[in-house]
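S.K.: So here's target-v3.cif, just mmCIF, C-alpha atoms:
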data_data
loop_
_atom_site.label_atom_id
_atom_site.label_comp_id
_atom_site.auth_asym_id
_atom_site.auth_seq_id
_atom_site.Cartn_x
_atom_site.Cartn_y
_atom_site.Cartn_z
CA LEU A 1227 94.75 165.69 126.50
CA ALA A 1228 98.07 163.89 126.18
CA LEU A 1229 98.19 160.22 126.99
CA ASN A 1230 101.11 159.31 129.22
CA ILE A 1231 101.52 155.65 128.39
CA ASN A 1232 104.32 154.89 130.83
CA GLN A 1233 102.74 156.61 133.83
CA LEU A 1234 99.09 155.73 133.29
CA LEU A 1235 98.33 152.91 130.91
CA LYS A 1236 101.35 150.69 131.51
CA PRO A 1237 100.79 150.39 135.29
CA TYR A 1238 97.06 149.91 134.71
CA LEU A 1239 97.57 147.06 132.25
CA ALA A 1240 100.20 145.52 134.52
CA ARG A 1241 97.70 145.49 137.40
CA VAL A 1242 94.95 144.05 135.22
CA LEU A 1243 97.31 141.40 133.94
CA GLY A 1244 98.47 140.60 137.48
CA TYR A 1245 94.91 140.38 138.75
CA PHE A 1246 93.76 137.92 136.11
CA LEU A 1247 96.88 135.80 136.27
CA LEU A 1248 96.46 135.61 140.03
CA GLU A 1249 92.78 134.74 139.62
CA GLN A 1250 93.72 132.01 137.17
CA ALA A 1251 96.29 130.60 139.62
CA VAL A 1252 93.80 130.70 142.52
CA SER A 1253 91.18 129.03 140.33
CA ALA A 1254 93.63 126.28 139.39
CA ALA A 1255 94.67 125.77 143.04
CA SER A 1256 91.08 125.72 144.33
CA GLN A 1257 90.36 122.39 142.67
CA GLY A 1258 87.01 123.51 141.30
CA VAL A 1259 85.82 125.63 144.23
CA LEU A 1260 86.51 128.79 142.19
CA PRO A 1261 85.86 127.68 138.59
CA ARG A 1262 88.00 128.99 135.77
CA ALA A 1263 84.84 129.93 133.89
CA GLN A 1264 84.16 132.65 136.45
CA THR A 1265 87.60 134.16 135.85
CA ASP A 1266 87.11 133.85 132.07
CA ASN A 1267 83.75 135.68 132.30
CA GLU A 1268 85.30 138.47 134.36
CA TRP A 1269 88.11 138.75 131.84
CA ALA A 1270 85.66 138.83 128.91
CA SER A 1271 83.89 141.83 130.45
CA ALA A 1272 87.12 143.55 131.41
CA SER A 1273 88.72 142.98 128.01
CA LEU A 1274 85.82 144.73 126.24
CA LEU A 1275 86.20 147.76 128.53
CA ILE A 1276 89.96 147.80 128.07
CA ALA A 1277 89.58 147.48 124.29
CA ASN A 1278 87.30 150.53 124.27
CA GLU A 1279 89.83 152.48 126.36
CA VAL A 1280 92.68 151.47 124.06
CA ALA A 1281 90.68 152.62 121.01
CA ALA A 1282 89.91 155.92 122.75
CA ALA A 1283 93.57 156.35 123.71
CA CYS A 1284 94.62 155.82 120.09
CA ASP A 1285 92.26 158.59 119.00
CA GLN A 1286 94.08 160.97 121.35
CA LEU A 1287 97.58 160.16 120.13
CA SER A 1288 99.27 162.66 117.86
CA GLU A 1289 102.70 161.04 117.45
CA THR A 1290 103.62 157.76 115.81
CA ALA A 1291 106.21 156.99 118.50
CA ALA A 1292 103.51 157.01 121.18
CA PHE A 1293 101.26 154.99 118.89
CA LEU A 1294 103.94 152.32 118.48
CA GLN A 1295 104.57 152.31 122.21
CA LEU A 1296 100.88 151.76 122.92
CA ARG A 1297 100.58 149.06 120.27
CA THR A 1298 103.63 147.24 121.64
CA LEU A 1299 102.30 147.44 125.19
CA VAL A 1300 98.92 146.03 124.15
CA HIS A 1301 100.51 143.22 122.13
CA LEU A 1302 102.80 142.25 125.01
CA THR A 1303 99.84 142.26 127.40
CA CYS A 1304 97.89 140.08 124.97
CA PHE A 1305 100.78 137.69 124.58
CA SER A 1306 101.07 137.32 128.36
CA LEU A 1307 97.37 136.60 128.62
CA ASP A 1308 97.51 134.20 125.67
CA LEU A 1309 100.07 132.14 127.57
CA HIS A 1310 97.43 131.61 130.27
CA LEU A 1311 94.70 130.82 127.77
CA PHE A 1312 92.72 134.06 128.09
CA SER A 1313 90.96 135.31 124.98
CA THR A 1314 92.60 138.51 123.77
CA ARG A 1315 90.59 138.95 120.58
CA PRO A 1316 88.83 142.19 121.67
CA LEU A 1317 92.14 143.85 122.55
CA ARG A 1318 93.84 142.70 119.36
CA GLU A 1319 90.89 143.81 117.24
CA ALA A 1320 90.87 147.20 118.96
CA ILE A 1321 94.55 147.82 118.26
CA ASP A 1322 94.34 146.39 114.72
CA ALA A 1323 91.43 148.73 113.96
CA THR A 1324 93.70 151.72 114.58
CA ARG A 1325 96.00 150.98 111.66
CA GLU A 1326 94.44 153.64 109.43
CA ARG A 1327 94.90 156.29 112.12
CA TYR A 1328 98.54 155.23 112.54
CA VAL A 1329 99.15 155.50 108.79
CA LEU A 1330 97.62 158.99 108.72
CA LEU A 1331 99.83 160.09 111.62
CA LEU A 1332 102.88 158.62 109.91
CA GLN A 1333 102.06 160.42 106.65
CA GLU A 1334 101.63 163.73 108.45
CA GLU A 1335 104.94 163.33 110.28
CA CYS A 1336 106.66 162.54 106.97
CA ARG A 1337 105.11 165.62 105.35
CA LYS A 1338 106.33 167.80 108.22
CA GLN A 1339 109.86 166.37 107.93
CA ALA A 1340 109.88 166.88 104.16
CA ARG A 1341 108.66 170.48 104.50
CA ARG A 1342 111.30 171.18 107.16
CA ALA A 1343 114.06 169.63 105.03
CA VAL A 1344 113.07 171.68 101.98
CA ARG A 1345 112.75 174.87 104.03
CA GLU A 1346 116.16 174.40 105.67
CA ASP A 1347 118.08 173.27 102.57
CA ASN A 1348 119.50 176.08 100.45
CA PHE A 1349 120.16 173.72 97.51
CA ASP A 1350 123.72 174.97 97.06
CA PRO A 1351 126.05 172.49 95.38
CA VAL A 1352 128.67 170.80 97.48
CA ALA A 1353 131.83 172.88 97.52
CA VAL A 1354 135.06 171.01 96.83
CA LEU A 1355 137.75 173.66 97.09
CA SER A 1356 140.70 171.61 98.29
CA PRO A 1357 142.05 168.06 98.23
CA GLU A 1358 141.10 167.77 101.91
CA ASP A 1359 137.48 168.66 101.10
CA TRP A 1360 137.47 166.05 98.37
CA ARG A 1361 138.97 163.33 100.59
CA HIS A 1362 136.45 164.00 103.37
CA LEU A 1363 133.47 164.01 101.01
CA VAL A 1364 134.58 160.86 99.18
CA SER A 1365 135.19 159.11 102.47
CA ASP A 1366 131.97 160.34 104.10
CA HIS A 1367 129.89 159.19 101.14
CA GLU A 1368 131.84 155.99 100.54
CA LEU A 1369 132.74 156.93 96.96
CA GLU A 1370 136.30 155.63 96.98
CA SER A 1371 135.56 153.21 94.15
CA TYR A 1372 134.63 156.02 91.74
CA ARG A 1373 138.23 157.21 91.61
CA LEU A 1374 137.53 160.84 90.79
CA SER A 1375 140.66 162.88 91.16
CA PRO A 1376 140.58 165.90 93.48
CA THR A 1377 141.43 168.14 90.51
CA VAL A 1378 138.41 166.99 88.53
CA ALA A 1379 136.16 167.21 91.58
CA ALA A 1380 137.41 170.75 92.30
CA GLN A 1381 136.68 171.75 88.69
CA PHE A 1382 133.16 170.31 88.94
CA SER A 1383 132.44 172.39 92.01
CA ALA A 1384 134.05 175.60 90.71
CA SER A 1385 130.57 176.97 90.12
CA SER A 1386 129.89 176.72 93.86
CA ALA A 1387 132.83 178.96 94.76
CA PRO A 1388 132.09 182.64 95.36
CA LYS A 1389 132.17 184.66 92.12
CA GLY A 1390 135.64 185.80 91.19
CA THR A 1391 137.33 183.03 93.22
CA PRO A 1392 139.23 180.59 91.01
CA PRO A 1393 139.15 176.94 92.13
CA LYS A 1394 142.22 175.79 93.96
CA ALA A 1395 144.11 173.08 92.17
CA PRO A 1396 145.38 170.37 94.47
CA ALA A 1397 149.15 170.22 94.59
CA ASP A 1398 149.63 166.68 95.74
CA VAL A 1399 147.30 163.73 96.27
CA GLY A 1400 148.59 160.62 97.95
CA GLY A 1401 152.19 161.56 97.25
CA GLN A 1402 151.65 161.87 93.48
CA LYS A 1403 150.96 164.94 91.43
CA ASP A 1404 147.56 164.87 89.76
CA SER A 1405 147.88 165.16 86.01
CA GLY A 1406 144.19 165.89 85.61
CA GLY A 1407 143.70 162.65 83.71
CA GLY A 1408 140.85 161.58 85.99
#
As structure tokens, how would this structure be written, given the file I've shared?
M.R.:
Amino acid sequence: LALNINQLLKPYLARVLGYFLLEQAVSAASQGVLPRAQTDNEWASASLLIANEVAAACDQLSETAAFLQLRTLVHLTCFSLDLHLFSTRPLREAIDATRERYVLLLQEECRKQARRAVREDNFDPVAVLSPEDWRHLVSDHELESYRLSPTVAAQFSASSAPKGTPPKAPADVGGQKDSGGG
């Protein structure tokens, strides 16, 4: 069962938030006819139910992105309720109690990415067969300060060229012939 946070939980929490903020406003406007304590009691009951649902939702999540989205949504809801002096401790405790689950999900996602990277990488050395290759690689990796000449770089990568193919020596770099002096 996948939890659709944006279509299900977000509208639900928005309605709950709206209801209790409206109740608080009505209580304040009623000048004691509808006491704030009644609204606080209703919220206390509702917050325990919501906290249980949030904990259950976290158990169903299988991706850290969804986990972060849920956590952010709960924290924003709590902050909004805090501004109106509602106790949000049960909700905060429910989301804080899911930290271990989040860490486990994060570790599993990292393992999957590492396995995929190792599986897809052939571990061949970087081929530098021309001055253009060298310039692009140095620029892409921000290695300009190392001042390796294209000739030296091409010699280093000669082992990555197909067998029987001699490395190409660069003819001209930056308008000056490379003397191979490094």
S.K.: Smallest atom-to-atom distance to A:Leu1332: which of A:Glu1319, A:Glu1289, A:Glu1279, A:Asp1266, using all atoms listed in the file?
M.R.: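 Answer, going by the shortest atom-to-atom distance: A:Glu1289.
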S.K.: Find the spatial neighbours of A:Ser1306, counting only C-alpha atoms, within a cut-off of 8 Å - ignore same-chain residues fewer than 4 positions away - and output them as a compact mmCIF listing (two decimals) with C-alpha atoms, in the coordinates of the input.
M.R.:
# COMPACT_ATOMS: atom_id res chain seq x y z
CA LEU A 1243 97.31 141.40 133.94
CA LEU A 1302 102.80 142.25 125.01
CA HIS A 1310 97.43 131.61 130.27
S.K.: Give the answer as one residue: which of A:Leu1296, A:Ile1276, A:Val1242, A:Ala1263 has the shortest atom-to-atom distance to A:Arg1315, using all atoms listed in the file?
M.R.: A:Ile1276
S.K.: Just how far from atom CA of A:Ala1291 is atom CA of A:Leu1330, in Å to one decimal?
M.R.: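 Interatomic distance, atom CA of A:Leu1330 to atom CA of A:Ala1291: 13.2 Å.
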S.K.: Kindly indicate which residue among A:Asn1348, A:Ser1288, A:Gln1257, A:Thr1303 lies nearest to A:Leu1235, using only C-alpha atoms for the distances.
M.R.: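 Closest residue, counting only C-alpha atoms: A:Thr1303.
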S.K.: List the residues matched by the PyMOL selection byres ((chain A and resi 1240) around 12) in the displayed structure as a PyMOL selection string, ordered by chain and then by residue number.
M.R.: chain A and resi 1231-1239+1241-1248+1299-1300+1302-1304+1306-1307
S.K.: Here is a test: counting only C-alpha atoms, which residue of A:Leu1274, A:Arg1318, A:Leu1311, A:Cys1284 is nearest to A:Arg1262?
M.R.: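 Once distances to A:Arg1262 are computed over only C-alpha atoms, the minimum belongs to A:Leu1311.
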S.K.: Between atom CA of A:Leu1317 and atom CA of A:Gln1295, what distance in Å does the model show, to one decimal?
M.R.: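 Straight-line distance from atom CA of A:Leu1317 to atom CA of A:Gln1295 works out to 15.0 Å.
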